[in-house]
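Chemist: This is start-v6.tsv, which holds TSV, C-alpha atoms:
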```
chain	number	residue	atom	x	y	z
W	29	MET	CA	7.26	27.06	6.31
W	30	ALA	CA	10.29	26.54	8.56
W	31	LYS	CA	8.13	24.46	10.92
W	32	CYS	CA	6.94	22.31	8.03
W	33	LEU	CA	10.51	21.67	6.85
W	34	ALA	CA	11.56	20.77	10.38
W	35	ALA	CA	8.69	18.29	10.63
W	36	ILE	CA	9.64	16.67	7.32
W	37	ALA	CA	13.30	16.44	8.36
W	38	MET	CA	12.31	14.82	11.67
W	39	ALA	CA	10.14	12.24	9.91
W	40	ALA	CA	12.95	11.46	7.46
W	41	LEU	CA	15.39	10.91	10.32
W	42	LEU	CA	12.95	8.63	12.10
W	43	SER	CA	12.61	6.64	8.88
W	44	LEU	CA	16.30	5.74	8.96
W	45	GLY	CA	15.96	3.23	11.79
W	46	ALA	CA	18.27	0.24	11.89
W	47	PHE	CA	17.01	-3.33	11.71
W	48	ALA	CA	17.66	-5.96	14.33
W	49	ALA	CA	19.17	-9.30	13.40
W	50	ALA	CA	16.86	-12.27	13.18
W	51	ASP	CA	17.08	-15.24	15.54
W	52	GLY	CA	15.29	-18.55	15.93
W	53	ALA	CA	13.19	-17.70	18.98
W	54	TRP	CA	10.10	-17.61	16.80
W	55	LEU	CA	10.15	-21.39	16.53
W	56	LYS	CA	9.08	-21.67	20.18
W	57	SER	CA	6.03	-19.50	19.45
W	58	VAL	CA	4.54	-21.77	16.80
W	59	PRO	CA	1.37	-23.49	18.06
W	60	VAL	CA	1.38	-27.29	17.79
W	61	ARG	CA	-1.54	-27.20	15.37
W	62	ASP	CA	0.46	-24.99	12.98
W	63	HIS	CA	3.67	-26.99	13.48
W	64	ASP	CA	1.85	-30.12	12.36
W	65	ARG	CA	0.27	-28.64	9.23
W	66	THR	CA	1.22	-30.45	6.05
W	67	ASN	CA	2.21	-28.84	2.79
W	68	PRO	CA	-0.29	-29.74	0.03
W	69	TYR	CA	2.43	-29.13	-2.57
W	70	HIS	CA	5.22	-31.05	-0.86
W	71	GLY	CA	7.85	-32.12	-3.39
W	72	GLN	CA	5.78	-31.25	-6.46
W	73	PRO	CA	8.02	-30.05	-9.32
W	74	ASP	CA	5.55	-27.40	-10.53
W	75	ALA	CA	5.27	-26.00	-7.01
W	76	ILE	CA	9.05	-25.88	-6.68
W	77	ALA	CA	9.31	-23.94	-9.96
W	78	ALA	CA	6.51	-21.57	-8.92
W	79	GLY	CA	8.04	-21.17	-5.47
W	80	GLN	CA	11.38	-20.31	-7.01
W	81	ARG	CA	9.74	-17.49	-8.96
W	82	ILE	CA	7.99	-16.17	-5.85
W	83	PHE	CA	11.25	-16.41	-3.92
W	84	ALA	CA	13.08	-14.39	-6.58
W	85	ASP	CA	10.37	-11.70	-6.54
W	86	ARG	CA	9.70	-11.47	-2.82
W	87	CYS	CA	12.46	-12.98	-0.73
W	88	SER	CA	15.77	-12.86	-2.54
W	89	LYS	CA	16.61	-9.20	-1.91
W	90	CYS	CA	16.74	-9.81	1.85
W	91	HIS	CA	17.78	-13.45	2.04
W	92	GLY	CA	20.03	-13.44	-1.02
W	93	ALA	CA	19.43	-14.79	-4.51
W	94	ASP	CA	21.03	-18.07	-3.40
W	95	ALA	CA	19.27	-17.97	0.01
W	96	GLN	CA	22.65	-17.71	1.75
W	97	GLY	CA	21.47	-14.65	3.66
W	98	THR	CA	22.75	-11.08	3.63
W	99	LYS	CA	24.48	-8.95	6.24
W	100	LYS	CA	21.28	-8.36	8.19
W	101	ARG	CA	19.05	-11.25	7.15
W	102	PRO	CA	19.51	-14.93	7.91
W	103	PRO	CA	20.27	-17.69	5.40
W	104	LEU	CA	17.50	-20.09	4.50
W	105	ARG	CA	19.90	-22.99	3.89
W	106	SER	CA	20.60	-23.22	7.61
W	107	SER	CA	19.82	-26.30	9.66
W	108	ARG	CA	17.21	-24.26	11.53
W	109	VAL	CA	15.17	-23.75	8.37
W	110	GLN	CA	15.99	-27.05	6.68
W	111	GLN	CA	15.87	-29.49	9.62
W	112	GLU	CA	14.50	-27.89	12.80
W	113	ALA	CA	11.56	-26.07	11.27
W	114	SER	CA	8.70	-28.09	9.82
W	115	GLU	CA	6.89	-26.85	6.75
W	116	GLY	CA	4.04	-25.91	9.08
W	117	ASP	CA	6.46	-23.80	11.16
W	118	LEU	CA	7.61	-21.94	8.06
W	119	HIS	CA	4.01	-21.38	6.99
W	120	TRP	CA	3.26	-19.90	10.41
W	121	LEU	CA	6.32	-17.63	10.15
W	122	LEU	CA	5.39	-16.38	6.69
W	123	VAL	CA	1.79	-15.64	7.71
W	124	ASN	CA	2.65	-13.91	10.99
W	125	GLY	CA	6.10	-12.56	10.27
W	126	ASN	CA	8.59	-11.80	13.01
W	127	MET	CA	7.96	-8.09	12.95
W	128	LYS	CA	10.11	-7.07	15.88
W	129	LYS	CA	13.05	-8.69	14.08
W	130	GLY	CA	12.25	-7.14	10.71
W	131	MET	CA	10.49	-10.06	9.04
W	132	PRO	CA	7.17	-8.81	7.61
W	133	SER	CA	3.95	-10.78	7.46
W	134	TRP	CA	3.35	-12.30	4.04
W	135	ALA	CA	-0.32	-12.91	4.67
W	136	LYS	CA	-0.96	-10.73	1.64
W	137	LEU	CA	0.10	-13.71	-0.46
W	138	PRO	CA	-2.56	-16.38	-1.02
W	139	ASP	CA	-2.02	-19.49	1.09
W	140	GLN	CA	-1.23	-21.48	-2.04
W	141	GLN	CA	1.72	-19.22	-2.88
W	142	ILE	CA	3.03	-19.39	0.67
W	143	TRP	CA	3.07	-23.20	0.44
W	144	GLN	CA	4.73	-23.00	-2.98
W	145	VAL	CA	7.59	-20.87	-1.71
W	146	ILE	CA	8.04	-23.22	1.27
W	147	THR	CA	8.18	-26.14	-1.15
W	148	TYR	CA	11.03	-24.40	-2.95
W	149	VAL	CA	12.88	-23.31	0.19
W	150	LYS	CA	12.86	-26.88	1.49
W	151	THR	CA	14.78	-27.99	-1.60
W	152	LEU	CA	17.69	-25.67	-0.74
W	153	HIS	CA	19.44	-27.90	1.79
W	154	ASP	CA	23.14	-28.22	1.04
O	3	MET	CA	4.36	27.05	-13.90
O	4	ARG	CA	4.77	25.23	-10.58
O	5	GLY	CA	2.23	22.73	-11.89
O	6	ALA	CA	4.29	22.09	-15.01
O	7	ARG	CA	7.37	21.46	-12.83
O	8	TYR	CA	5.36	19.02	-10.74
O	9	PHE	CA	4.38	16.94	-13.75
O	10	ARG	CA	7.93	16.98	-15.12
O	11	LEU	CA	9.08	15.62	-11.75
O	12	LEU	CA	6.45	12.90	-11.94
O	13	ILE	CA	7.60	11.85	-15.42
O	14	LEU	CA	11.21	11.75	-14.23
O	15	LEU	CA	10.41	9.62	-11.19
O	16	LEU	CA	8.43	6.88	-12.87
O	17	PRO	CA	11.36	5.46	-14.88
O	18	LEU	CA	13.40	5.52	-11.65
O	19	GLY	CA	10.86	3.11	-10.22
O	20	ALA	CA	11.42	0.79	-13.17
O	21	ALA	CA	14.99	0.16	-12.01
O	22	ALA	CA	14.34	-2.70	-9.60
O	23	GLY	CA	11.76	-4.36	-7.39
O	24	TYR	CA	8.36	-6.06	-7.33
O	25	ALA	CA	5.05	-4.62	-6.19
O	26	GLN	CA	1.66	-6.23	-6.12
O	27	GLU	CA	-0.65	-3.95	-4.29
O	28	ARG	CA	-4.31	-4.28	-3.53
O	29	PRO	CA	-6.32	-2.54	-6.26
O	30	TYR	CA	-7.64	0.14	-3.89
O	31	PHE	CA	-7.48	3.88	-4.46
O	32	VAL	CA	-9.01	5.26	-1.27
O	33	THR	CA	-9.18	2.32	1.11
O	34	TYR	CA	-6.09	1.22	3.01
O	35	SER	CA	-5.50	-2.42	3.75
O	36	HIS	CA	-3.66	-3.50	6.90
O	37	GLU	CA	-0.72	-4.69	4.82
O	38	MET	CA	2.40	-2.67	5.48
O	39	GLU	CA	5.33	-1.86	3.23
O	40	GLU	CA	8.15	-4.38	3.61
O	41	PRO	CA	10.93	-2.91	5.79
O	42	GLY	CA	13.58	-1.10	3.77
O	43	ASN	CA	11.51	-1.05	0.57
O	44	LEU	CA	10.46	2.17	-1.11
O	45	GLU	CA	7.36	2.17	-3.22
O	46	ILE	CA	6.80	4.99	-5.70
O	47	GLU	CA	3.21	5.42	-6.77
O	48	ASN	CA	1.20	7.76	-8.89
O	49	PHE	CA	-2.56	7.83	-8.47
O	50	SER	CA	-4.75	10.03	-10.65
O	51	VAL	CA	-8.44	10.73	-10.84
O	52	VAL	CA	-10.40	12.25	-13.70
O	53	GLY	CA	-13.90	13.60	-13.18
O	54	THR	CA	-16.39	16.09	-14.52
O	55	PRO	CA	-18.67	17.60	-11.91
O	56	ALA	CA	-22.08	18.67	-13.20
O	57	ALA	CA	-21.88	22.34	-14.29
O	58	GLY	CA	-18.12	22.25	-13.81
O	59	SER	CA	-14.95	21.62	-15.78
O	60	ARG	CA	-13.20	18.30	-16.17
O	61	PHE	CA	-10.28	17.90	-13.77
O	62	LEU	CA	-7.30	15.63	-13.26
O	63	GLY	CA	-6.14	15.23	-9.68
O	64	SER	CA	-2.87	13.44	-9.10
O	65	THR	CA	-0.59	12.35	-6.28
O	66	VAL	CA	2.95	11.06	-6.32
O	67	GLU	CA	3.61	8.93	-3.25
O	68	PHE	CA	6.79	7.68	-1.66
O	69	GLU	CA	5.98	4.86	0.71
O	70	TYR	CA	8.78	3.50	2.84
O	71	GLY	CA	8.80	0.51	5.14
O	72	THR	CA	10.49	1.92	8.24
O	73	LYS	CA	9.83	-1.25	10.23
O	74	ALA	CA	7.73	-4.31	9.55
O	75	TRP	CA	5.07	-2.68	11.75
O	76	TRP	CA	5.58	0.96	10.69
O	77	THR	CA	5.15	2.50	7.25
O	78	THR	CA	5.91	6.14	6.41
O	79	GLU	CA	4.55	7.85	3.35
O	80	PHE	CA	5.09	11.25	1.74
O	81	TYR	CA	2.78	12.62	-0.94
O	82	LEU	CA	3.00	15.46	-3.43
O	83	ASP	CA	-0.36	16.54	-4.83
O	84	GLY	CA	-1.28	18.44	-7.98
O	85	GLN	CA	-4.25	19.01	-10.21
O	86	SER	CA	-5.19	20.33	-13.60
O	87	THR	CA	-8.62	21.74	-14.45
O	88	GLN	CA	-9.89	22.25	-17.97
O	89	ASN	CA	-10.33	25.94	-18.89
O	90	ASP	CA	-8.47	26.87	-15.73
O	91	SER	CA	-4.90	25.99	-14.70
O	92	THR	CA	-2.50	23.28	-13.58
O	93	ILE	CA	-1.21	23.72	-10.05
O	94	PHE	CA	0.76	22.04	-7.29
O	95	THR	CA	-1.69	21.69	-4.43
O	96	GLY	CA	0.44	20.63	-1.49
O	97	PHE	CA	1.90	17.72	0.43
O	98	ARG	CA	0.92	15.07	2.95
O	99	LEU	CA	2.96	13.08	5.43
O	100	GLU	CA	1.49	9.96	6.96
O	101	ASN	CA	2.52	7.16	9.27
O	102	ARG	CA	0.81	3.83	9.75
O	103	PHE	CA	1.40	1.66	12.79
O	104	ARG	CA	0.42	-1.94	13.27
O	105	PRO	CA	-0.09	-2.56	17.01
O	106	LEU	CA	-0.50	-6.35	16.87
O	107	MET	CA	2.63	-8.21	15.84
O	108	ARG	CA	0.82	-11.28	14.53
O	109	GLU	CA	-1.84	-11.93	11.95
O	110	HIS	CA	-5.36	-12.14	13.39
O	111	TRP	CA	-8.87	-12.60	12.06
O	112	ILE	CA	-9.18	-8.77	12.03
O	113	ASN	CA	-5.98	-6.74	11.99
O	114	PRO	CA	-6.04	-3.11	13.13
O	115	VAL	CA	-3.65	-0.43	11.90
O	116	PHE	CA	-3.52	3.16	13.18
O	117	TYR	CA	-3.02	5.90	10.63
O	118	VAL	CA	-1.91	9.48	11.35
O	119	GLU	CA	-1.54	12.08	8.60
O	120	PHE	CA	-0.70	15.76	8.37
O	121	GLU	CA	-1.58	17.51	5.17
O	122	ASP	CA	-1.02	21.01	3.89
O	123	THR	CA	-3.02	21.44	0.71
O	124	SER	CA	-5.22	23.89	-1.13
O	125	ALA	CA	-7.48	23.40	-4.16
O	126	ASP	CA	-6.87	19.66	-3.84
O	127	LYS	CA	-8.70	17.45	-6.33
O	128	ALA	CA	-6.89	14.16	-5.77
O	129	LEU	CA	-9.88	12.95	-3.71
O	130	ARG	CA	-7.81	10.46	-1.71
O	131	GLU	CA	-10.45	10.58	0.98
O	132	ILE	CA	-14.00	11.82	1.23
O	133	VAL	CA	-15.00	13.18	4.62
O	134	GLY	CA	-17.61	15.44	6.15
O	135	HIS	CA	-19.76	17.14	3.54
O	136	ASP	CA	-17.21	16.93	0.72
O	137	GLY	CA	-19.12	17.01	-2.53
O	138	LYS	CA	-19.17	18.13	-6.13
O	139	ALA	CA	-19.64	21.79	-5.11
O	140	ASP	CA	-16.07	21.79	-3.71
O	141	LEU	CA	-14.77	21.07	-7.22
O	142	LEU	CA	-16.48	23.99	-8.96
O	143	GLU	CA	-14.37	26.80	-7.54
O	144	ARG	CA	-11.73	28.33	-9.81
O	145	ASN	CA	-8.17	27.38	-8.90
O	146	SER	CA	-7.16	30.98	-8.29
O	147	ASP	CA	-9.89	31.29	-5.65
O	148	ALA	CA	-9.51	27.82	-4.17
O	149	ARG	CA	-5.76	28.27	-3.62
O	150	GLY	CA	-6.47	30.88	-1.02
O	151	ASP	CA	-8.31	28.33	1.08
O	152	LYS	CA	-5.40	26.61	2.89
O	153	GLU	CA	-6.22	23.23	4.41
O	154	ARG	CA	-3.82	22.25	7.14
O	155	GLU	CA	-5.37	19.12	8.49
O	156	ILE	CA	-4.76	16.20	10.76
O	157	GLU	CA	-6.31	12.96	9.63
O	158	LEU	CA	-6.71	9.87	11.78
O	159	LYS	CA	-7.87	6.50	10.55
O	160	VAL	CA	-8.49	3.12	12.03
O	161	ILE	CA	-7.77	0.54	9.37
O	162	LEU	CA	-9.21	-2.93	9.82
O	163	GLY	CA	-8.14	-5.69	7.48
O	164	SER	CA	-8.66	-9.41	7.04
O	165	ASN	CA	-7.27	-11.98	4.66
O	166	PHE	CA	-9.38	-15.08	4.13
O	167	ARG	CA	-8.99	-17.71	1.42
O	168	GLY	CA	-7.32	-15.27	-0.95
O	169	TRP	CA	-9.79	-12.47	-0.26
O	170	ASN	CA	-8.73	-9.24	1.37
O	171	ILE	CA	-11.45	-7.27	3.13
O	172	SER	CA	-10.55	-3.81	4.39
O	173	GLU	CA	-12.53	-1.19	6.30
O	174	ASN	CA	-11.37	2.32	7.17
O	175	ILE	CA	-12.96	4.65	9.71
O	176	VAL	CA	-11.80	8.17	8.89
O	177	SER	CA	-11.75	11.37	10.94
O	178	GLU	CA	-10.21	14.65	9.87
O	179	LYS	CA	-9.70	17.98	11.60
O	180	ASN	CA	-8.81	21.26	9.92
O	181	LEU	CA	-6.36	22.97	12.25
O	182	ALA	CA	-7.98	26.32	11.44
O	183	GLY	CA	-10.74	25.35	13.86
O	184	ASP	CA	-13.32	23.54	11.77
O	185	PRO	CA	-15.11	20.64	13.48
O	186	TRP	CA	-13.98	17.03	13.19
O	187	GLU	CA	-15.25	15.46	9.98
O	188	PHE	CA	-15.87	11.78	9.41
O	189	GLY	CA	-15.87	9.31	6.57
O	190	TYR	CA	-15.56	5.65	5.70
O	191	ALA	CA	-14.05	3.40	3.06
O	192	ILE	CA	-14.54	-0.31	2.50
O	193	ALA	CA	-13.14	-2.62	-0.13
O	194	ALA	CA	-12.65	-6.26	-0.98
O	195	SER	CA	-10.42	-7.89	-3.57
O	196	ARG	CA	-8.90	-11.17	-4.62
O	197	PRO	CA	-6.27	-12.34	-7.12
O	198	LEU	CA	-7.87	-14.08	-10.09
O	199	ALA	CA	-5.71	-17.14	-9.37
O	200	LEU	CA	-4.40	-18.10	-5.95
O	201	ALA	CA	-1.53	-20.39	-6.93
O	202	ALA	CA	1.43	-19.11	-8.92
O	203	SER	CA	2.19	-20.74	-12.23
O	204	ALA	CA	5.39	-22.67	-12.73
O	205	HIS	CA	6.47	-20.55	-15.68
O	206	GLU	CA	6.95	-16.84	-16.11
O	207	CYS	CA	3.88	-15.26	-17.66
O	208	LYS	CA	2.64	-11.79	-18.51
O	209	PHE	CA	-1.12	-12.03	-18.54
O	210	CYS	CA	-1.86	-15.12	-16.47
O	211	ARG	CA	-4.63	-14.81	-13.90
O	212	GLU	CA	-2.31	-14.59	-10.87
O	213	LYS	CA	-1.09	-11.22	-12.20
O	214	PHE	CA	-4.57	-9.69	-11.90
O	215	GLN	CA	-6.50	-8.68	-8.83
O	216	ALA	CA	-10.10	-7.55	-8.93
O	217	GLY	CA	-12.48	-6.22	-6.35
O	218	ILE	CA	-14.90	-3.52	-5.32
O	219	GLU	CA	-14.46	-0.31	-3.38
O	220	MET	CA	-16.93	2.07	-1.72
O	221	TYR	CA	-16.34	5.23	0.29
O	222	GLY	CA	-18.00	8.44	1.36
O	223	GLY	CA	-18.51	11.14	3.95
O	224	LEU	CA	-20.34	10.87	7.24
O	225	GLY	CA	-20.82	14.51	8.12
O	226	ASP	CA	-19.11	16.25	10.99
O	227	ARG	CA	-19.26	16.53	14.73
O	228	TYR	CA	-22.38	18.69	14.60
O	229	SER	CA	-24.18	16.94	11.76
O	230	PHE	CA	-23.11	13.31	11.78
O	231	GLY	CA	-24.79	11.09	9.20
O	232	THR	CA	-25.26	10.76	5.48
O	233	HIS	CA	-27.31	13.92	4.87
O	234	LEU	CA	-25.56	16.15	2.28
O	235	THR	CA	-22.61	13.79	1.88
O	236	SER	CA	-21.14	12.21	-1.23
O	237	HIS	CA	-20.57	8.51	-1.78
O	238	TYR	CA	-18.86	6.49	-4.49
O	239	ALA	CA	-18.62	2.82	-5.41
O	240	GLY	CA	-17.18	0.85	-8.27
O	241	PRO	CA	-15.24	-2.17	-9.45
O	242	THR	CA	-11.47	-2.03	-9.37
O	243	VAL	CA	-8.74	-4.07	-11.01
O	244	ASN	CA	-4.97	-4.12	-11.24
O	245	TRP	CA	-2.33	-5.97	-13.21
O	246	THR	CA	1.29	-6.51	-12.29
O	247	ALA	CA	3.75	-6.58	-15.17
O	248	PRO	CA	6.66	-9.05	-15.13
O	249	ASN	CA	9.06	-6.23	-14.18
O	250	GLY	CA	6.96	-5.57	-11.08
O	251	THR	CA	5.14	-2.40	-12.13
O	252	THR	CA	1.50	-2.51	-11.08
O	253	PHE	CA	-1.20	-0.72	-13.08
O	254	SER	CA	-4.58	-0.07	-11.48
O	255	PHE	CA	-7.89	1.19	-12.82
O	256	SER	CA	-11.31	1.82	-11.38
O	257	PRO	CA	-14.43	3.59	-12.62
O	258	GLN	CA	-16.22	4.81	-9.51
O	259	PHE	CA	-19.80	6.00	-9.63
O	260	GLY	CA	-21.35	8.73	-7.56
O	261	LEU	CA	-24.23	7.28	-5.56
O	262	ASN	CA	-26.23	10.49	-5.06
O	263	ASP	CA	-26.71	13.96	-6.52
O	264	TYR	CA	-24.13	15.38	-4.13
O	265	SER	CA	-21.39	13.30	-5.79
O	266	VAL	CA	-19.55	13.67	-9.09
O	267	PRO	CA	-21.35	11.30	-11.52
O	268	VAL	CA	-18.26	9.23	-12.41
O	269	LEU	CA	-14.64	9.27	-11.30
O	270	TYR	CA	-12.04	7.40	-13.33
O	271	ARG	CA	-9.07	6.43	-11.24
O	272	PHE	CA	-5.70	5.26	-12.55
O	273	GLY	CA	-2.66	4.14	-10.67
O	274	ILE	CA	0.88	2.99	-11.33
O	275	SER	CA	3.24	1.77	-8.65
O	276	TYR	CA	6.67	0.27	-8.39
O	277	GLU	CA	8.66	-0.98	-5.45
O	278	ILE	CA	12.40	-0.55	-5.04
O	279	ASP	CA	13.61	-3.35	-2.81
O	280	GLN	CA	15.93	-2.38	0.07
O	281	PHE	CA	16.12	1.19	-1.17
O	282	PHE	CA	19.10	2.40	0.85
O	283	SER	CA	21.19	-0.66	-0.03
O	284	HIS	CA	21.50	0.80	-3.55
O	285	PHE	CA	23.58	3.64	-2.07
O	286	ARG	CA	25.95	1.38	-0.16
O	287	ARG	CA	29.18	0.04	-1.55
O	288	GLY	CA	28.61	-3.39	-3.07
O	289	GLY	CA	24.85	-2.89	-3.03
O	290	GLU	CA	24.36	-4.78	0.25
```
Is it possible to give me this structure as structure tokens?
Modeler:
Amino acid sequence: MAKCLAAIAMAALLSLGAFAAADGAWLKSVPVRDHDRTNPYHGQPDAIAAGQRIFADRCSKCHGADAQGTKKRPPLRSSRVQQEASEGDLHWLLVNGNMKKGMPSWAKLPDQQIWQVITYVKTLHD
Amino acid sequence: MRGARYFRLLILLLPLGAAAGYAQERPYFVTYSHEMEEPGNLEIENFSVVGTPAAGSRFLGSTVEFEYGTKAWWTTEFYLDGQSTQNDSTIFTGFRLENRFRPLMREHWINPVFYVEFEDTSADKALREIVGHDGKADLLERNSDARGDKEREIELKVILGSNFRGWNISENIVSEKNLAGDPWEFGYAIAASRPLALAASAHECKFCREKFQAGIEMYGGLGDRYSFGTHLTSHYAGPTVNWTAPNGTTFSFSPQFGLNDYSVPVLYRFGISYEIDQFFSHFRRGGE
């Protein structure tokens, strides 16, 4: 029994790992084909509204309800997201994640919802 | 009485899950997909199965699971198992600790995940995996007798998953070893599912199609090291569906049918899960 408790305690300690801060190095990894992909929902009001709902459910806890970022997660109103990254770049990031930096893959979402949330995020420029 | 405590704990934990978060899991009960828990999130799940083996008593097997995203590529999960058998007793049957690791950091056509689990159970009827020659005969023993048969086991799985045009297709290759010296046992699980609508609607909705996922699941045993194959093994298949409520709680259901005489004729599986976003941030000052 003591061995079992020790094993559980060890696993719990391992689960308390810290997360690394995100950076923009991922942009250099995006293949040209993905960079050039176009958003089928670009600018559509319904897609913006739907994307806002997805953002609130999936993204806001890490990136902030206003997308200004949190202590450990980057803002999405930054020039990197709003100007440097194309919509295709953001789609590539959401599908693949940046797992070493703590960003999970969102490939579990249908492609349509990924484009909808990108449509919303691209309206957040200050 | 330990069983009664277990179910009281379960009832206490479910409202805790309703405090915050959003979960939309695949509607699978046995099969794992390659999708990991988001880092920092804690998902609390309860999965139950009801069945009546021929010439046996109806049983309810149940697990409470705590699934934590340690890293984007590493998920840790802790289970508490219990069961109740008609005309017998309600008992706590043990615990499991598992870790899943995703070796490839990007999404591919087929995505592998490695799964390692240690379990310490006895008289388990949760049926979270079927391996070796598991069958209906294992469910006929009285709880008082079955509790003496301790199962300390290591389970290894290779999980393969693909997402394509809204569909998720997942395959699990399962191997399990009782540390008491029994031979390696093998099993499989496959499943496919899809949301009923791929695009989200512009307005909040309760019962719109995007909130539902439907699919099929099949799993069974493949014998052991000395008798590999489908002879004297049980197999199940059935449709499966889930619905995610606006507050993020996901409810799952699946009737699963035994495919041969070695299986329980029908298993009814139910699940409820809820995700607490950034779990440890709730304990920090300011909530960040």
Chemist: In Å, with one decimal, what is the gap from atom CA of O:Leu234 to atom CA of O:Ile175?
Modeler: 18.6 Å
Chemist: What residues in chain O have any atom no more than 6 Å from chain W when counting all atoms listed in the file, and can you write them as a list in words?
Modeler: Thr72, Ala74, Arg108, Glu109, Gly168, Leu200, Ala201, Ala202, Ser203 and Ala204 of chain O
Chemist: The selected residues should be written to file as a short mmCIF file (atom, residue, chain, number, x, y, z; two decimals), keeping the file's coordinate frame (atoms: C-alpha atoms).
Modeler:
```
data_model
loop_
_atom_site.label_atom_id
_atom_site.label_comp_id
_atom_site.auth_asym_id
_atom_site.auth_seq_id
_atom_site.Cartn_x
_atom_site.Cartn_y
_atom_site.Cartn_z
CA THR O 72 10.49 1.92 8.24
CA ALA O 74 7.73 -4.31 9.55
CA ARG O 108 0.82 -11.28 14.53
CA GLU O 109 -1.84 -11.93 11.95
CA GLY O 168 -7.32 -15.27 -0.95
CA LEU O 200 -4.40 -18.10 -5.95
CA ALA O 201 -1.53 -20.39 -6.93
CA ALA O 202 1.43 -19.11 -8.92
CA SER O 203 2.19 -20.74 -12.23
CA ALA O 204 5.39 -22.67 -12.73
#
```
Chemist: Using only C-alpha atoms and a cutoff of 12 Å, can you tell me which residues are near (20.8, -20.0, 6.4) in the file's coordinates, and write them out as a PyMOL selection string?
Modeler: chain W and resi 50-52+90-92+94-112+149-150+152-154
Chemist: Looking at all atoms listed in the file, which of O:Glu187, O:Asp90, O:Glu206, O:Glu100 is the one that sits closest to O:Glu67?
Modeler: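 Answer, going by the shortest atom-to-atom distance: O:Glu100.
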Chemist: Given the choices O:Thr252, O:Glu37, O:Glu121, O:Tyr81, which gets closest to O:Phe103 if the distance is worked out from only C-alpha atoms?
Modeler: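 Smallest separation from O:Phe103 among the options: O:Glu37.
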Chemist: For atom CA of W:Pro59 and atom CA of W:Asp117, determine how far apart the two atoms are, in Å to one decimal place.
Modeler: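 Distance between the two atoms: 8.6 Å.
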Chemist: Ranking O:Thr251, O:Gln215, O:Ser265, O:Ser50 by minimum distance to O:His237 and counting all atoms listed in the file, which one comes first?
Modeler: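 For O:His237, the nearest of the given residues is O:Ser265.
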Chemist: In Å, rounded to a single decimal, give me how far atom CA of O:Arg130 is from atom CA of O:Thr235.
Modeler: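 Between these atoms lies a distance of 15.6 Å.
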Chemist: Hey, what's within 12 Å of O:Ala139 if we count only C-alpha atoms and toss same-chain stuff fewer than 3 positions away? As a list in words, please?
Modeler: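 Everything that qualifies: Thr54, Pro55, Ala56, Ala57, Gly58, Ser59, Lys127, His135, Asp136, Leu142, Glu143, Arg144, Ala148, Leu234, Thr235, Ser236, Asp263, Tyr264, Ser265 and Val266 of chain O.
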